Amino acid sequence: MEDLDKILAHPLDTASILRTRKKLTRLLNEQAAGFPVKRIAILGGSTTDEFQNLLELFLLHAGFRATFYTSAFGLYFEEAAFENPALAAFKPELIYLHTTVKNLNRQAGIDAESQRWEQIWSGLKAYACPIVQNNFDFPGERPLGNLDGILPEGQTHFVRAMNQRFAEHAQGLPELVIQDIHYLSSRIGLDRWIDRKLWYAYKYAVSYEGMVHLGFHLAGIIRGIFGQSKKGLVLDLDNTCWGGVIGEDGLDGIHLGEDDALGEAHRDLQAYAKALSERGIALAVASKNDEANAREGFTHPDTVLTQEDFAAFLANWDPKHENILAISQQLNLSPDAFVFLDDNAMERDLVSTQLPMVDVPDAGDDIATYIDHLDRNGYFEVSSLSEEDTQRGAYYQANQARSELAEAFTDLDTYLASLDMVAEIDHWQDVYLDRITQLTNKTNQFNLTTQRFNREEIAAIAIDTDALTLYGRLKDTFGDNGLVSVVAGRIVRDELHVFLWLMSCRVLKRGMEFAMRDALIEQAQARGLKKIIGEYRESAKNQRVENLYADLGFHHLDKGDDGATWVYDLEGEHATLNQNIKVVPYGI
Amino acid sequence: MEYEEMFSRVEGVFRDIFDDEQLAITRETVADDLEDWDSLNHINLVTALESEFAIRFALGELQGLKNVGDMLDLTQQKTSA
């Protein structure tokens with residue numbers, strides 16, 4: 001599948017993809033048996049047939065099999081704003097509104113037109129799933145010429161104003177994700193985005209070339225919505241982070257900074273990686289170098305990245321795929337969460353052969369193109385940025401300090417006691433629902449059931465009186481780990497059936513699961529319940545917690561092919577298991 | 001361009017669009033002969049021919065492309081112009 005990985009990534013060979021789309025789809029389908037199926041509704045303001053085919057292709061490549069509901073031609077408004085039994089029966093898991101400037105009514109005026117779109121989104125709330133909405137591309141013609149973008153009556157002026165409204169409105173609606181086709185069409189160029197012949201003959205509002213880009217871009221967004229975007233970037237050093245070879249050229253000899261063209265390009269790549277780390281992407285080094293030389297590079301006067309920006313730093317002479325696995329273990333992120341950037345084609349080939357789940361952009365050897373390979377492939381698309389994301393860099397730094405401290409202790413309990421851990425454990429609070437949703441969708445390893453819920457479903461569970469919910473947030477002397485654990489169960493008569501139990505791998509081996517367990521038992525007893533039923537449902541990645549319930553004092557009840565059921569008897573005396581964490585409620 | 005070469009490149013386009021390596025076309029092949037040759041695949045064929053031969057069909061020419069022969073003739077006319 002390496003060829004497919006190359007074909008279906010930046011830079012897209014759109015003509016070849018369009019011509020062989022059917023074959024590419026067939027090849028991907030042949031190995032898609034285990035992929036999750038997603039029900040996606042496309043409500044179109046123009047013809048969507050070939051676009052849907054392309055989206056199917058790119059979603060398959062992203063690891064999803066899609067089944068589609070398609071609106072009647074052009075009836076996006078009617079099907080969204082009013083009752084729609086057919087769409088309701090389809091039970092969409094994501095609704096995509098493919099609309100363009102052709103669907104914009106300037107005559108209505110900005111306020112009335114904004115309200116019309118808000119009516120659409122409020123109509124779609126009933127489906128309780130994420131909505132992806134295109135904003136507007138520029139029109140292909142400007143009757144007012146240059147003034148079209150300047151005067152209020154111009155269409156391009158109107159498009160800008162509407163796009164601004166969309167962006168503002170989306171801030172207040174977590175389920176609404178705006179797909180910025182304004183930027184996408186600008187990037188491709190309007191002359192290539194618009195194909196008037198296709199519009200007149202088939203009512204396609206976007207060119208075939210544009211549709212390939214649109215499908216690729218949307219698949220990245222959808223991957224993010226379903227929690228499968230990339231979380232880490234592994235960087236090579238020589239001829240990637242700087243020009244030249246530091247072991248041979250020395251600190252004075254490498255190209256970095258504005259003094260020469262190459263150095264400036266490498267500095268800009270560093271700045272892009274830095275910006276990624278500031279939004280929560282973990283950076284790591286995998287370099288064939290002596291460690292001292294490698295680290296020295298980041299003391300260069302023009303370096304943007306410093307050693308502290310890296311959550312893991314592996315400079316040695318081991319094969320790079322082994323180093324990437326080591327990084328994955330160090331950071332508790334699975335290997336498929338990484339992108340690997342290297343100027344050396346042999347290293348890229350080795351990593352993509354040995355670790356096919358790692359994304360390896362076919363970056364070539366021209367530093368001038370590297371940022372595009374990271375930026376255009378949609379690896380890091382997320383539907384929103386939480387406070388957790390922007391503070392993740394600080395977390396990785398604190399974790400390095402923890403590792404150093406841990407080495408000074410021989411006994412785990414003494415080490416844990418020295419951390420002065422405080423956990424805030426309480427019922428799900430409104431302010432945390434975004435983070436609870438995010439964690440629920442992206443946690444794979446420490447996750448007992450791997451059940452995914454969208455923001456609306458999480459909000460509904462939070463206020464359900466027949467549900468018992470808990471979150472846990474952990475702080476210690478080194479800093480705040482943020483909200484790291486989520487548990488939820490449904491009350492059935494006098495039993496609590498736990499359907500969600502997960503924890504971020506960043507706090508493994510800290511005893512947080514025991515604190516959550518103690519709190520759950522306390523809450524269940526307070527509700528007068530007799531039993532807690534826990535379930536382990538096996539996934540490709542959660543073997544780590546196969547016996548968690550046994551460790552928490554549950555008894556084995558039943559074992560099936562793909563999991564097991566456990567029970568905890570709430571009657572009688574209960575030993576608490578948490579030893580090292582002080583527990584406080586919300587708001588303290 | 002030799003007619004045989006053009007014919008084989010057009011056939012290559014058909015084989016890719018319909019994902020059928022064995023597909024054989026003739027000048028007389030029409031949409032009714034191929035199960036998948038509907039109006040949407042028709043525009044896919046036309047777009048792929050445009051890319052293959054670096055030509056553009058005009059809006060008014062789309063309706064006239066009823067069979068493979070029409071496509072070959074118009075393509076030849078545009079590539080030799």
# chains A, B, ... in the order shown; residues from 1 in each chain; ligands from 1

$ interface_residues --of "chain B" --to "chain A" --cutoff "8 Å" --atoms "only C-alpha atoms" --output "ChimeraX atom specification"
/B:13,16-19,40,44,48,51,58-59

$ write_last_selection --atoms "N, CA and C atoms" --output "PDB file, in the first residue's frame"
ATOM      1  N   VAL B  13      -7.929   4.900 -21.248  1.00  0.00           N
ATOM      2  CA  VAL B  13      -8.780   5.765 -20.421  1.00  0.00           C
ATOM      3  C   VAL B  13     -10.045   5.001 -20.006  1.00  0.00           C
ATOM      4  N   ASP B  16      -9.246   2.423 -17.313  1.00  0.00           N
ATOM      5  CA  ASP B  16      -9.026   3.005 -15.991  1.00  0.00           C
ATOM      6  C   ASP B  16     -10.335   3.486 -15.370  1.00  0.00           C
ATOM      7  N   ILE B  17     -11.110   4.220 -16.131  1.00  0.00           N
ATOM      8  CA  ILE B  17     -12.349   4.771 -15.571  1.00  0.00           C
ATOM      9  C   ILE B  17     -13.285   3.655 -15.101  1.00  0.00           C
ATOM     10  N   PHE B  18     -13.357   2.568 -15.869  1.00  0.00           N
ATOM     11  CA  PHE B  18     -14.268   1.481 -15.488  1.00  0.00           C
ATOM     12  C   PHE B  18     -13.554   0.384 -14.691  1.00  0.00           C
ATOM     13  N   ASP B  19     -12.271   0.585 -14.401  1.00  0.00           N
ATOM     14  CA  ASP B  19     -11.471  -0.390 -13.636  1.00  0.00           C
ATOM     15  C   ASP B  19     -11.639  -1.796 -14.215  1.00  0.00           C
ATOM     16  N   LEU B  40     -22.904  10.265 -15.403  1.00  0.00           N
ATOM     17  CA  LEU B  40     -21.834  10.751 -14.527  1.00  0.00           C
ATOM     18  C   LEU B  40     -20.477  10.186 -14.938  1.00  0.00           C
ATOM     19  N   ASN B  44     -16.793  11.786 -16.448  1.00  0.00           N
ATOM     20  CA  ASN B  44     -15.489  11.304 -15.985  1.00  0.00           C
ATOM     21  C   ASN B  44     -14.614  10.895 -17.164  1.00  0.00           C
ATOM     22  N   ALA B  48     -11.167  12.729 -18.257  1.00  0.00           N
ATOM     23  CA  ALA B  48      -9.922  11.947 -18.347  1.00  0.00           C
ATOM     24  C   ALA B  48      -9.317  12.058 -19.751  1.00  0.00           C
ATOM     25  N   SER B  51      -7.479  15.295 -19.953  1.00  0.00           N
ATOM     26  CA  SER B  51      -6.168  15.235 -19.300  1.00  0.00           C
ATOM     27  C   SER B  51      -5.181  14.434 -20.138  1.00  0.00           C
ATOM     28  N   ALA B  58     -15.441  21.726 -25.835  1.00  0.00           N
ATOM     29  CA  ALA B  58     -16.330  22.856 -25.547  1.00  0.00           C
ATOM     30  C   ALA B  58     -17.656  22.344 -24.988  1.00  0.00           C
ATOM     31  N   LEU B  59     -18.348  23.213 -24.255  1.00  0.00           N
ATOM     32  CA  LEU B  59     -19.639  22.842 -23.681  1.00  0.00           C
ATOM     33  C   LEU B  59     -20.569  22.264 -24.746  1.00  0.00           C
TER      34      LEU B  59
END

$ residues_around --residues "Leu65 (chain B)" --least-positions-apart "3" --cutoff "12 Å" --atoms "only C-alpha atoms" --output "ChimeraX atom specification"
/B:27-31,39,42-43,45-46,49,57-62,68-75

$ write_last_selection --atoms "N, CA and C atoms" --output "compact mmCIF listing (two decimals), in the first residue's frame"
# COMPACT_ATOMS: atom_id res chain seq x y z
N ARG B 27 -15.15 1.52 -32.34
CA ARG B 27 -15.71 2.82 -32.69
C ARG B 27 -17.20 2.89 -32.41
N GLU B 28 -17.85 1.72 -32.49
CA GLU B 28 -19.31 1.71 -32.37
C GLU B 28 -19.79 1.58 -30.92
N THR B 29 -18.85 1.37 -29.97
CA THR B 29 -19.28 1.20 -28.57
C THR B 29 -20.04 2.44 -28.10
N VAL B 30 -21.24 2.20 -27.53
CA VAL B 30 -22.05 3.32 -27.00
C VAL B 30 -22.35 3.05 -25.52
N ALA B 31 -22.90 4.05 -24.86
CA ALA B 31 -23.16 3.97 -23.42
C ALA B 31 -23.95 2.71 -23.06
N SER B 39 -24.46 8.85 -17.20
CA SER B 39 -24.15 10.24 -17.53
C SER B 39 -23.01 10.77 -16.64
N HIS B 42 -19.85 9.42 -17.90
CA HIS B 42 -19.57 10.06 -19.18
C HIS B 42 -18.69 11.30 -18.98
N ILE B 43 -19.04 12.11 -17.99
CA ILE B 43 -18.22 13.30 -17.75
C ILE B 43 -16.85 12.91 -17.19
N LEU B 45 -15.23 10.22 -18.14
CA LEU B 45 -14.49 9.83 -19.36
C LEU B 45 -13.98 11.07 -20.10
N VAL B 46 -14.88 12.02 -20.27
CA VAL B 46 -14.51 13.22 -21.02
C VAL B 46 -13.38 13.96 -20.32
N LEU B 49 -10.17 12.09 -20.79
CA LEU B 49 -9.65 12.28 -22.15
C LEU B 49 -8.98 13.65 -22.28
N PHE B 57 -12.71 19.99 -24.43
CA PHE B 57 -13.93 19.94 -25.22
C PHE B 57 -14.80 21.14 -24.85
N ALA B 58 -15.44 21.73 -25.83
CA ALA B 58 -16.33 22.86 -25.55
C ALA B 58 -17.66 22.34 -24.99
N LEU B 59 -18.35 23.21 -24.26
CA LEU B 59 -19.64 22.84 -23.68
C LEU B 59 -20.57 22.26 -24.75
N GLY B 60 -20.59 22.92 -25.91
CA GLY B 60 -21.49 22.48 -26.98
C GLY B 60 -21.10 21.16 -27.61
N GLU B 61 -19.88 20.74 -27.39
CA GLU B 61 -19.42 19.47 -27.99
C GLU B 61 -19.77 18.26 -27.14
N LEU B 62 -20.08 18.48 -25.85
CA LEU B 62 -20.33 17.34 -24.95
C LEU B 62 -21.48 16.47 -25.43
N VAL B 68 -17.83 5.90 -29.07
CA VAL B 68 -16.37 5.98 -29.04
C VAL B 68 -15.83 6.65 -30.30
N GLY B 69 -16.47 6.37 -31.42
CA GLY B 69 -16.03 6.96 -32.68
C GLY B 69 -16.08 8.48 -32.62
N ASP B 70 -17.16 9.03 -32.07
CA ASP B 70 -17.26 10.49 -31.93
C ASP B 70 -16.11 11.03 -31.10
N MET B 71 -15.82 10.31 -30.01
CA MET B 71 -14.75 10.77 -29.12
C MET B 71 -13.40 10.74 -29.84
N LEU B 72 -13.15 9.65 -30.58
CA LEU B 72 -11.89 9.53 -31.31
C LEU B 72 -11.76 10.64 -32.34
N ASP B 73 -12.82 10.88 -33.08
CA ASP B 73 -12.74 11.86 -34.16
C ASP B 73 -12.49 13.27 -33.62
N LEU B 74 -13.23 13.61 -32.55
CA LEU B 74 -13.07 14.96 -32.01
C LEU B 74 -11.70 15.13 -31.36
N THR B 75 -11.25 14.06 -30.70
CA THR B 75 -9.91 14.11 -30.08
C THR B 75 -8.85 14.28 -31.16

$ residues_around --residues "Asn344 (chain A)" --least-positions-apart "6" --cutoff "12 Å" --atoms "only C-alpha atoms" --output "PyMOL selection string"
chain A and resi 235-240+287-288+320+350-351+360-367

$ write_last_selection --atoms "C-alpha atoms" --output "PDB file, in the first residue's frame"
ATOM      1  CA  LEU A 235      12.043  15.057  13.154  1.00  0.00           C
ATOM      2  CA  ASP A 236      15.368  14.143  11.645  1.00  0.00           C
ATOM      3  CA  LEU A 237      18.111  16.718  12.332  1.00  0.00           C
ATOM      4  CA  ASP A 238      20.825  16.972   9.646  1.00  0.00           C
ATOM      5  CA  ASN A 239      19.405  18.536   6.472  1.00  0.00           C
ATOM      6  CA  THR A 240      15.976  18.679   8.082  1.00  0.00           C
ATOM      7  CA  SER A 287      18.612  11.357  14.470  1.00  0.00           C
ATOM      8  CA  LYS A 288      21.689   9.380  13.540  1.00  0.00           C
ATOM      9  CA  LYS A 320      15.161   4.887  13.122  1.00  0.00           C
ATOM     10  CA  LEU A 350      12.826   1.951   6.171  1.00  0.00           C
ATOM     11  CA  VAL A 351      10.350   3.559   8.559  1.00  0.00           C
ATOM     12  CA  VAL A 360       5.875   9.356   6.365  1.00  0.00           C
ATOM     13  CA  PRO A 361       5.430  12.247   3.930  1.00  0.00           C
ATOM     14  CA  ASP A 362       7.271  11.698   0.664  1.00  0.00           C
ATOM     15  CA  ALA A 363       9.157  14.914   1.292  1.00  0.00           C
ATOM     16  CA  GLY A 364      11.899  14.591  -1.332  1.00  0.00           C
ATOM     17  CA  ASP A 365      15.152  16.408  -0.612  1.00  0.00           C
ATOM     18  CA  ASP A 366      14.165  20.041  -1.132  1.00  0.00           C
ATOM     19  CA  ILE A 367      13.830  21.876   2.174  1.00  0.00           C
TER      20      ILE A 367
END

$ residues_around --residues "Gln523 (chain A)" --least-positions-apart "5" --cutoff "9 Å" --atoms "only C-alpha atoms" --output "tab-separated table (two decimals) with N, CA and C atoms, in the first residue's frame"
chain	number	residue	atom	x	y	z
A	468	LEU	N	-24.36	7.74	36.20
A	468	LEU	CA	-23.41	8.20	37.21
A	468	LEU	C	-22.11	8.50	36.48
A	518	ASP	N	-12.09	4.20	43.85
A	518	ASP	CA	-12.61	4.49	45.20
A	518	ASP	C	-13.78	5.47	45.12
A	528	GLY	N	-27.24	4.14	46.89
A	528	GLY	CA	-27.92	2.96	47.38
A	528	GLY	C	-27.85	1.76	46.46

$ residues_around --residues "Gln52 (chain A)" --least-positions-apart "6" --cutoff "12 Å" --atoms "only C-alpha atoms" --output "list in words"
Arg21, Ile40, Ala41, Ile42, Leu43, Gly44, Phe58, Leu59, Ala66, Thr67, Phe68, Tyr69, Thr70, Ser71, Tyr96, His98, Tyr208, Met211, Val212, Leu214, Gly215, Phe216, Leu218 and Ala219 of chain A

$ select_by_dssp --residues "region 488-528 of chain A" --states "alpha helix (DSSP H)" --output "count of residues only"
15

$ residues_around --residues "region 171-188 of chain A" --least-positions-apart "6" --cutoff "7 Å" --atoms "only C-alpha atoms" --output "list in words"
Cys129, Pro130, Ile131, Val132, Gln133, Asn134, Asn135, Phe136, Asp137, Phe138, Ser383 and Arg455 of chain A

$ residues_around --residues "Gln397 (chain A)" --least-positions-apart "6" --cutoff "8 Å" --atoms "only C-alpha atoms" --output "mmCIF file with C-alpha atoms, in the first residue's frame"
data_model
loop_
_atom_site.group_PDB
_atom_site.id
_atom_site.type_symbol
_atom_site.label_atom_id
_atom_site.label_comp_id
_atom_site.auth_asym_id
_atom_site.auth_seq_id
_atom_site.Cartn_x
_atom_site.Cartn_y
_atom_site.Cartn_z
ATOM 1 C CA GLU A 308 13.088 21.863 25.878
ATOM 2 C CA ASP A 309 10.672 21.854 22.934
ATOM 3 C CA ALA A 311 9.236 15.626 24.450
#

$ closest_residue --among "A:Ser504, A:Pro356, A:Arg348, A:Gln119" --to "Leu331 (chain A)" --atoms "only C-alpha atoms"
A:Ser504

$ decode --residues "region 394-423 of chain A" --atoms "C-alpha atoms" --output "CSV table (one decimal), in the first residue's frame"
chain,number,residue,atom,x,y,z
A,394,ALA,CA,4.4,22.2,29.5
A,395,TYR,CA,3.1,18.8,30.4
A,396,TYR,CA,5.8,17.0,28.4
A,397,GLN,CA,8.5,19.2,30.1
A,398,ALA,CA,7.1,18.4,33.5
A,399,ASN,CA,7.1,14.7,32.6
A,400,GLN,CA,10.8,14.8,31.8
A,401,ALA,CA,11.4,16.3,35.2
A,402,ARG,CA,9.3,13.5,36.8
A,403,SER,CA,11.4,10.9,35.0
A,404,GLU,CA,14.5,12.4,36.4
A,405,LEU,CA,13.1,12.4,39.9
A,406,ALA,CA,11.8,8.8,39.5
A,407,GLU,CA,15.4,7.7,38.7
A,408,ALA,CA,16.4,9.0,42.1
A,409,PHE,CA,14.0,6.7,43.9
A,410,THR,CA,14.2,2.9,44.0
A,411,ASP,CA,10.7,2.4,45.4
A,412,LEU,CA,7.7,3.4,43.4
A,413,ASP,CA,5.5,4.2,46.4
A,414,THR,CA,8.1,6.5,47.9
A,415,TYR,CA,8.4,8.3,44.5
A,416,LEU,CA,4.7,8.7,44.2
A,417,ALA,CA,4.4,10.0,47.7
A,418,SER,CA,7.0,12.6,46.9
A,419,LEU,CA,4.9,13.9,44.0
A,420,ASP,CA,2.3,15.5,46.3
A,421,MET,CA,-0.5,14.5,44.0
A,422,VAL,CA,-3.9,16.1,44.2
A,423,ALA,CA,-6.8,14.8,42.2
